[in-house]
Amino acid sequence: QKSLLVQSGGEKIVDTSSVLIMLKGKSGDKTVMRVELPDGFIPGSHALKLVAVGDILGEAVAGISSLIQLPSGCGEQNMHKIAINVFSANYITSLYDELPENLDYNIRHNLNIGLQQQFAYRRGSTSYSNGYSVFKGGETSHWLTAFVHKIVALFPDEVFVPCNTAINSDRDYLLRQIRYAGTRDYTTSVTRDGWAPYQYKYHRNKDLHWNSYFLISMLESNGVNRCGSTLTDSSYNSDRLGKVCNATLDMASRSDDCCYHHMVAYSIQLCKDHGLLNHVDRRDMPFRDDGKCMGSSTDGKYKFATCEENLEFESVRGSSKSIEATGYAALYIMQKERIEDSLPMIMWLASQRNENGGFRSSQDT
């Protein structure tokens, strides 16, 4: 006798939908969820799973373990997987104070191996960084170097990070890329060499987007550097970063791009919060939440960043670009301590994740 595993024919389709129910007094919100089966489905092959989770990210939290993978690939791919391990560890720790034993071991192992592999793409000596390349022996990618610096600074405390050969020397290398004519000159640029995603390399506003990403990578981790003083403790570094902030704000005032506008706004807000743009008031902030830059669901519960053709308005399903842009919009609103205003964006982001807890691509995840 032989055992046979009989499965339905056709293509397996998994669709997810998320709603946020907030209790108000003794009576809570009531939400009706409709399930539409695709045309031509095989009778008896469908299944419905309903899960209630006490977390705004919903079942994405349960799917985090599937995202925690051993880093591998080129310098960019390896770093993306390192980043997911770092964000997962920090998020779970913020919820439960400590990681479950199995995840704790896996994440530590992954980060230790991943960081050693990343050093294979590092250019320079053990004490002097010349950045990181996407491919071994290739040219330095300033975008990848900024990405490495941003993520390594957020490593869990339990994971060893060599300060001189990682955070400090990479930070010094990035600061050397700031170029300006004189002390009073606001026309400041940041050198951008090597491989970078489209928006930083080929987009018509690539200089604005690159300046913004550079500022985010430097300032987002400014207060969590366990290897020494923070950037803004130095008047020299503060002056240089302040000029980048001013140049970014000036370029933002002339930009009509919506998709990456939210990333720019977030970088400017970080500048302001670090005392690098004290002369800027609310009216000067380059953030717009009008219909052109922000969309919403018909019931008004969801808000999302629009990226022209990169959003399917009928199904309110976003592309990788719109998911990333909405994430930056939510970060900007939360940075201004308007947590409640960010909830419709976070709810939309939670509705976009797949059954494994991820999103469209490794970059938006």
# chains A, B, ... in the order shown; residues from 1 in each chain; ligands from 1
$ residues_around --residues "segment 258-260 of chain A" --least-positions-apart "4" --cutoff "8 Å" --atoms "only C-alpha atoms" --output "count of residues only"
11
$ residues_around --residues "Ile178 of chain A" --least-positions-apart "5" --cutoff "9 Å" --atoms "only C-alpha atoms" --output "list in words"
Thr188, Ser189, Val190, Thr191, Arg240, Leu241 and Val244 of chain A
$ atom_distance --atom1 "atom CA of Leu95 of chain A" --atom2 "atom CA of Ser320 of chain A"
26.5 Å
$ select_by_dssp --residues "segment 40-203 of chain A" --states "strand (DSSP E)" --output "PyMOL selection string"
chain A and resi 122-124+129-133+140-141+178-180+188-190
$ write_last_selection --atoms "N, CA, C and O atoms" --output "CSV table (one decimal), in the first residue's frame"
chain,number,residue,atom,x,y,z
A,122,ARG,N,34.2,45.8,2.6
A,122,ARG,CA,34.7,47.0,3.1
A,122,ARG,C,36.0,47.4,2.4
A,122,ARG,O,36.9,46.5,2.3
A,123,ARG,N,36.2,48.6,2.1
A,123,ARG,CA,37.4,49.1,1.4
A,123,ARG,C,38.2,49.9,2.5
A,123,ARG,O,37.6,50.6,3.3
A,124,GLY,N,39.5,49.8,2.4
A,124,GLY,CA,40.3,50.5,3.4
A,124,GLY,C,41.0,49.6,4.3
A,124,GLY,O,41.1,48.4,4.1
A,129,SER,N,38.3,53.7,7.1
A,129,SER,CA,37.3,53.2,6.1
A,129,SER,C,37.3,54.0,4.8
A,129,SER,O,37.4,55.2,4.9
A,130,ASN,N,37.2,53.3,3.7
A,130,ASN,CA,36.9,53.9,2.4
A,130,ASN,C,35.6,53.4,1.9
A,130,ASN,O,35.3,53.4,0.7
A,131,GLY,N,34.7,53.1,2.8
A,131,GLY,CA,33.3,52.7,2.4
A,131,GLY,C,33.2,51.3,2.1
A,131,GLY,O,34.1,50.5,2.2
A,132,TYR,N,32.0,50.9,1.5
A,132,TYR,CA,31.7,49.5,1.2
A,132,TYR,C,31.3,49.5,-0.3
A,132,TYR,O,30.7,50.4,-0.8
A,133,SER,N,31.6,48.4,-0.9
A,133,SER,CA,31.2,48.1,-2.3
A,133,SER,C,30.2,47.1,-2.4
A,133,SER,O,30.0,46.2,-1.5
A,140,THR,N,33.5,51.9,-4.4
A,140,THR,CA,32.7,52.2,-3.2
A,140,THR,C,31.3,52.8,-3.6
A,140,THR,O,31.2,53.6,-4.4
A,141,SER,N,30.3,52.3,-2.9
A,141,SER,CA,29.0,52.8,-3.0
A,141,SER,C,28.7,53.6,-1.8
A,141,SER,O,28.6,53.1,-0.6
A,178,ILE,N,31.0,65.4,2.6
A,178,ILE,CA,30.3,66.7,2.6
A,178,ILE,C,31.2,67.7,1.9
A,178,ILE,O,32.3,67.9,2.3
A,179,ARG,N,30.6,68.4,0.9
A,179,ARG,CA,31.4,69.4,0.2
A,179,ARG,C,30.7,70.7,0.2
A,179,ARG,O,29.5,70.8,-0.1
A,180,TYR,N,31.4,71.8,0.6
A,180,TYR,CA,30.8,73.1,0.5
A,180,TYR,C,31.9,74.1,0.3
A,180,TYR,O,33.1,73.9,0.7
A,188,THR,N,25.6,73.4,-0.3
A,188,THR,CA,26.3,72.2,0.2
A,188,THR,C,25.9,71.0,-0.5
A,188,THR,O,24.7,70.8,-0.8
A,189,SER,N,26.8,70.1,-0.9
A,189,SER,CA,26.4,68.8,-1.5
A,189,SER,C,27.1,67.7,-0.8
A,189,SER,O,28.1,67.9,0.0
A,190,VAL,N,26.6,66.5,-1.0
A,190,VAL,CA,27.2,65.3,-0.5
A,190,VAL,C,27.6,64.4,-1.7
A,190,VAL,O,26.8,64.1,-2.5
$ atom_distance --atom1 "atom CA of Leu219 of chain A" --atom2 "atom CA of Gly275 of chain A"
11.2 Å
$ closest_residue --among "A:Lys136, A:Arg176, A:Arg108, A:His203" --to "Phe155 of chain A" --atoms "only C-alpha atoms"
A:Arg108
$ closest_residue --among "A:His149, A:Arg171, A:Lys243, A:Arg204" --to "Asp256 of chain A" --atoms "only C-alpha atoms"
A:Arg204
$ select_by_dssp --residues "segment 155-216 of chain A" --states "alpha helix (DSSP H)" --output "VMD selection string"
chain A and resid 167 to 175 198 to 201 206 to 216
$ residues_around --residues "Cys271 of chain A" --least-positions-apart "6" --cutoff "9 Å" --atoms "only C-alpha atoms" --output "list in words"
Leu215, Ile216, Leu219, Leu241, Gly242, Cys245, Leu277 and Asn278 of chain A
$ closest_residue --among "A:Leu111, A:Ala196, A:Ile92, A:Val152" --to "Val134 of chain A" --atoms "only C-alpha atoms"
A:Ala196
$ closest_residue --among "A:Ile167, A:Ala252, A:Ala83, A:Ala329" --to "Leu349 of chain A" --atoms "only C-alpha atoms"
A:Ala329
$ residues_around --residues "Ser221 of chain A" --least-positions-apart "2" --cutoff "10 Å" --atoms "only C-alpha atoms" --output "list in words"
His149, Lys150, Ile151, Val152, Ala153, Leu154, Ile216, Ser217, Met218, Leu219, Gly223, Val224, Asn225, Thr230 and Leu231 of chain A
$ write_last_selection --atoms "N, CA and C atoms" --output "PDB file, in the first residue's frame"
ATOM      1  N   HIS A 149      26.094  52.045   7.933  1.00  0.00           N
ATOM      2  CA  HIS A 149      26.261  52.848   9.149  1.00  0.00           C
ATOM      3  C   HIS A 149      24.953  52.970   9.913  1.00  0.00           C
ATOM      4  N   LYS A 150      23.881  53.216   9.200  1.00  0.00           N
ATOM      5  CA  LYS A 150      22.569  53.386   9.831  1.00  0.00           C
ATOM      6  C   LYS A 150      22.142  52.119  10.563  1.00  0.00           C
ATOM      7  N   ILE A 151      22.334  50.960   9.947  1.00  0.00           N
ATOM      8  CA  ILE A 151      21.857  49.704  10.524  1.00  0.00           C
ATOM      9  C   ILE A 151      22.766  49.206  11.642  1.00  0.00           C
ATOM     10  N   VAL A 152      24.078  49.270  11.443  1.00  0.00           N
ATOM     11  CA  VAL A 152      25.011  48.748  12.453  1.00  0.00           C
ATOM     12  C   VAL A 152      24.877  49.532  13.762  1.00  0.00           C
ATOM     13  N   ALA A 153      24.576  50.820  13.668  1.00  0.00           N
ATOM     14  CA  ALA A 153      24.385  51.619  14.879  1.00  0.00           C
ATOM     15  C   ALA A 153      23.182  51.162  15.687  1.00  0.00           C
ATOM     16  N   LEU A 154      22.256  50.443  15.049  1.00  0.00           N
ATOM     17  CA  LEU A 154      21.041  49.972  15.711  1.00  0.00           C
ATOM     18  C   LEU A 154      21.152  48.524  16.176  1.00  0.00           C
ATOM     19  N   ILE A 216      19.249  61.128   7.013  1.00  0.00           N
ATOM     20  CA  ILE A 216      18.543  60.118   7.801  1.00  0.00           C
ATOM     21  C   ILE A 216      19.527  59.107   8.372  1.00  0.00           C
ATOM     22  N   SER A 217      20.463  58.656   7.559  1.00  0.00           N
ATOM     23  CA  SER A 217      21.421  57.641   8.021  1.00  0.00           C
ATOM     24  C   SER A 217      22.318  58.188   9.118  1.00  0.00           C
ATOM     25  N   MET A 218      22.618  59.489   9.071  1.00  0.00           N
ATOM     26  CA  MET A 218      23.498  60.072  10.074  1.00  0.00           C
ATOM     27  C   MET A 218      22.754  60.456  11.351  1.00  0.00           C
ATOM     28  N   LEU A 219      21.543  61.001  11.214  1.00  0.00           N
ATOM     29  CA  LEU A 219      20.830  61.562  12.369  1.00  0.00           C
ATOM     30  C   LEU A 219      19.919  60.562  13.064  1.00  0.00           C
ATOM     31  N   GLY A 223      21.706  59.376  18.357  1.00  0.00           N
ATOM     32  CA  GLY A 223      21.625  59.244  19.801  1.00  0.00           C
ATOM     33  C   GLY A 223      21.857  57.841  20.326  1.00  0.00           C
ATOM     34  N   VAL A 224      22.168  56.903  19.451  1.00  0.00           N
ATOM     35  CA  VAL A 224      22.330  55.516  19.894  1.00  0.00           C
ATOM     36  C   VAL A 224      23.733  54.984  19.609  1.00  0.00           C
ATOM     37  N   ASN A 225      24.691  55.886  19.407  1.00  0.00           N
ATOM     38  CA  ASN A 225      26.053  55.445  19.132  1.00  0.00           C
ATOM     39  C   ASN A 225      26.708  54.978  20.431  1.00  0.00           C
ATOM     40  N   THR A 230      28.164  61.529  20.288  1.00  0.00           N
ATOM     41  CA  THR A 230      27.241  61.671  19.169  1.00  0.00           C
ATOM     42  C   THR A 230      27.734  62.747  18.218  1.00  0.00           C
ATOM     43  N   LEU A 231      27.211  62.743  17.014  1.00  0.00           N
ATOM     44  CA  LEU A 231      27.650  63.681  15.994  1.00  0.00           C
ATOM     45  C   LEU A 231      27.465  65.132  16.420  1.00  0.00           C
TER      46      LEU A 231
END
$ closest_residue --among "A:Ala350, A:Val86, A:Leu175, A:Leu103" --to "Tyr236 of chain A" --atoms "only C-alpha atoms"
A:Leu175
$ atom_distance --atom1 "atom CA of Asn205 of chain A" --atom2 "atom CA of Ser253 of chain A"
11.8 Å
$ residues_around --residues "Asn168 of chain A" --least-positions-apart "2" --cutoff "9 Å" --atoms "only C-alpha atoms" --output "list of chain:residue names"
A:His149, A:Cys163, A:Asn164, A:Thr165, A:Ala166, A:Asp170, A:Arg171, A:Asp172, A:Tyr173, A:Asn225, A:Cys227, A:Gly228
$ write_last_selection --atoms "N, CA, C and O atoms" --output "PDB file, in the first residue's frame"
ATOM      1  N   HIS A 149      26.094  52.045   7.933  1.00  0.00           N
ATOM      2  CA  HIS A 149      26.261  52.848   9.149  1.00  0.00           C
ATOM      3  C   HIS A 149      24.953  52.970   9.913  1.00  0.00           C
ATOM      4  O   HIS A 149      24.912  52.830  11.147  1.00  0.00           O
ATOM      5  N   CYS A 163      34.069  49.032  17.170  1.00  0.00           N
ATOM      6  CA  CYS A 163      33.833  50.463  16.946  1.00  0.00           C
ATOM      7  C   CYS A 163      34.766  51.062  15.899  1.00  0.00           C
ATOM      8  O   CYS A 163      34.329  51.745  14.975  1.00  0.00           O
ATOM      9  N   ASN A 164      36.067  50.826  16.051  1.00  0.00           N
ATOM     10  CA  ASN A 164      37.025  51.487  15.165  1.00  0.00           C
ATOM     11  C   ASN A 164      36.927  50.988  13.732  1.00  0.00           C
ATOM     12  O   ASN A 164      37.195  51.729  12.788  1.00  0.00           O
ATOM     13  N   THR A 165      36.549  49.728  13.547  1.00  0.00           N
ATOM     14  CA  THR A 165      36.472  49.185  12.195  1.00  0.00           C
ATOM     15  C   THR A 165      35.038  49.171  11.668  1.00  0.00           C
ATOM     16  O   THR A 165      34.780  48.571  10.645  1.00  0.00           O
ATOM     17  N   ALA A 166      34.135  49.821  12.374  1.00  0.00           N
ATOM     18  CA  ALA A 166      32.741  49.835  11.917  1.00  0.00           C
ATOM     19  C   ALA A 166      32.140  51.222  12.097  1.00  0.00           C
ATOM     20  O   ALA A 166      32.305  52.098  11.239  1.00  0.00           O
ATOM     21  N   ASP A 170      33.433  54.358   9.699  1.00  0.00           N
ATOM     22  CA  ASP A 170      32.481  54.530   8.601  1.00  0.00           C
ATOM     23  C   ASP A 170      31.793  55.892   8.682  1.00  0.00           C
ATOM     24  O   ASP A 170      31.554  56.544   7.661  1.00  0.00           O
ATOM     25  N   ARG A 171      31.484  56.330   9.896  1.00  0.00           N
ATOM     26  CA  ARG A 171      30.876  57.651  10.079  1.00  0.00           C
ATOM     27  C   ARG A 171      31.829  58.750   9.623  1.00  0.00           C
ATOM     28  O   ARG A 171      31.420  59.697   8.945  1.00  0.00           O
ATOM     29  N   ASP A 172      33.111  58.625   9.983  1.00  0.00           N
ATOM     30  CA  ASP A 172      34.095  59.624   9.555  1.00  0.00           C
ATOM     31  C   ASP A 172      34.214  59.658   8.035  1.00  0.00           C
ATOM     32  O   ASP A 172      34.350  60.741   7.439  1.00  0.00           O
ATOM     33  N   TYR A 173      34.163  58.482   7.413  1.00  0.00           N
ATOM     34  CA  TYR A 173      34.240  58.439   5.955  1.00  0.00           C
ATOM     35  C   TYR A 173      33.056  59.169   5.323  1.00  0.00           C
ATOM     36  O   TYR A 173      33.218  59.949   4.369  1.00  0.00           O
ATOM     37  N   ASN A 225      24.691  55.886  19.407  1.00  0.00           N
ATOM     38  CA  ASN A 225      26.053  55.445  19.132  1.00  0.00           C
ATOM     39  C   ASN A 225      26.708  54.978  20.431  1.00  0.00           C
ATOM     40  O   ASN A 225      26.981  55.773  21.324  1.00  0.00           O
ATOM     41  N   CYS A 227      29.617  53.746  20.612  1.00  0.00           N
ATOM     42  CA  CYS A 227      31.067  53.731  20.415  1.00  0.00           C
ATOM     43  C   CYS A 227      31.719  55.090  20.693  1.00  0.00           C
ATOM     44  O   CYS A 227      32.856  55.322  20.316  1.00  0.00           O
ATOM     45  N   GLY A 228      30.993  56.012  21.304  1.00  0.00           N
ATOM     46  CA  GLY A 228      31.594  57.309  21.581  1.00  0.00           C
ATOM     47  C   GLY A 228      30.572  58.414  21.555  1.00  0.00           C
ATOM     48  O   GLY A 228      29.372  58.192  21.707  1.00  0.00           O
TER      49      GLY A 228
END
$ residues_around --residues "Gln269 of chain A" --least-positions-apart "6" --cutoff "9 Å" --atoms "only C-alpha atoms" --output "PyMOL selection string"
chain A and resi 277+285+332+335-336
$ write_last_selection --atoms "N, CA and C atoms" --output "PDB file, in the first residue's frame"
ATOM      1  N   LEU A 277      18.262  73.208  12.360  1.00  0.00           N
ATOM      2  CA  LEU A 277      17.410  74.096  11.554  1.00  0.00           C
ATOM      3  C   LEU A 277      16.488  74.898  12.474  1.00  0.00           C
ATOM      4  N   MET A 285       8.093  73.798   6.426  1.00  0.00           N
ATOM      5  CA  MET A 285       8.324  72.362   6.289  1.00  0.00           C
ATOM      6  C   MET A 285       7.825  71.871   4.938  1.00  0.00           C
ATOM      7  N   TYR A 332       7.581  60.566   9.723  1.00  0.00           N
ATOM      8  CA  TYR A 332       7.570  62.024   9.854  1.00  0.00           C
ATOM      9  C   TYR A 332       6.505  62.466  10.855  1.00  0.00           C
ATOM     10  N   GLN A 335       7.520  61.450  14.329  1.00  0.00           N
ATOM     11  CA  GLN A 335       8.633  62.270  14.798  1.00  0.00           C
ATOM     12  C   GLN A 335       8.127  63.589  15.375  1.00  0.00           C
ATOM     13  N   LYS A 336       6.973  64.035  14.879  1.00  0.00           N
ATOM     14  CA  LYS A 336       6.350  65.255  15.387  1.00  0.00           C
ATOM     15  C   LYS A 336       5.417  64.966  16.565  1.00  0.00           C
TER      16      LYS A 336
END
